[in-house]
Amino acid sequence: MGNLLMNKFQLIRTTLPSENDYSTLGRMQRSMYCGFFENYVIMWSKNNEFFHDYEQNLKKNLIMQSKILNCDLTEEEIDTLISHKVTTLYVGNILETEQARKTLHALKERLDELQKLEKSIEEVHSLFIRLQILIADQGVLTQRIENHFNDSRDHVKVAAQELKQAEKLKNKNRKNKIILIVLGIFAVTSLIIPRKKK
């Protein structure tokens with residue numbers, strides 16, 4: 001189960017955004033991944049400590065039983081017994097059965113915790129996939145918006161140039177009108193003034 005979970009973590013890690021991605025979504029994905037991975041490491045460490053303590057207690061029990069039976073087993077022999085899953089030198093020991101029952105209960109609790117963690121990791125993985133789909137959709141929309149923005153910017157530049165040309169034409173027309181008015185006044189005055197002298 002530990003290997004399966006680690007493989008899932010590695011799979012999710014490959015889909016995470018790069019460390020250079022400082023977007024909100026990228027940071028959220030990395031922090032969620034780190035949080036779940038840290039919880040997994042903590043639970044796995046507790047599990048290892050539990051099994052280590054269980055093995056040490058089992059060794060103590062086997063040493064004590066070997067002394068009671070006057071067979072004084074060596075540490076290597078005890079390790080061999082443990083590796084072959086021999087947990088008692090007595091047959092039908094009630095105390096050992098009670099201890100095994102407690103140990104089994106603790107192991108089931110650990111297994112339930114690991115299964116819950118696995119389910120949470122699967123949910124996070126599916127959430128990452130949904131987020132990636134949303135990001136892809138948003139990317140298309142963002143690209144369209146960017147294209148419209150670039151087109152608008154180009155149109156604004158063209159419009160600004162056309163406005164400048166229109167302003168120049170307006171000034172030129174105004175000058176031409178003033179010149180025509182002045183010429184018209186001059187022509188009228190030149191026609192009126194000689195008549196008065198006659």
# chains A, B, ... in the order shown; residues from 1 in each chain; ligands from 1

call {"tool": "residues_around", "arguments": {"residues": "segment 56-59 of chain A", "least_positions_apart": "4", "cutoff": "8 Å", "atoms": "only C-alpha atoms", "output": "list in words"}}
result
His52, Ile63, Ile78, Asp79, Ile82 and Thr87 of chain A

call {"tool": "select_by_dssp", "arguments": {"residues": "segment 9-145 of chain A", "states": "alpha helix (DSSP H)", "output": "count of residues only"}}
result
113

call {"tool": "closest_residue", "arguments": {"among": "A:Leu104, A:Leu117, A:Val124, A:Leu81", "to": "Met32 of chain A", "atoms": "only C-alpha atoms"}}
result
A:Val124

call {"tool": "closest_residue", "arguments": {"among": "A:Arg144, A:Leu5, A:Thr80, A:Asn61", "to": "Val41 of chain A", "atoms": "only C-alpha atoms"}}
result
A:Leu5

call {"tool": "atom_distance", "arguments": {"atom1": "atom CA of His148 of chain A", "atom2": "atom CA of Leu134 of chain A"}}
result
21.0 Å

call {"tool": "atom_distance", "arguments": {"atom1": "atom CA of Leu163 of chain A", "atom2": "atom CA of Leu180 of chain A"}}
result
25.2 Å

call {"tool": "closest_residue", "arguments": {"among": "A:Gln138, A:Ala187, A:Lys164, A:Tyr54", "to": "Lys102 of chain A", "atoms": "only C-alpha atoms"}}
result
A:Tyr54

call {"tool": "residues_around", "arguments": {"residues": "Leu131 of chain A", "least_positions_apart": "2", "cutoff": "12 Å", "atoms": "only C-alpha atoms", "output": "list in words"}}
result
Thr15, Leu16, Pro17, Thr24, Leu25, Gly26, Met28, Gln29, Val124, His125, Ser126, Leu127, Phe128, Ile129, Ile133, Leu134, Ile135, Ala136, Asp137, Gln138 and Gly139 of chain A
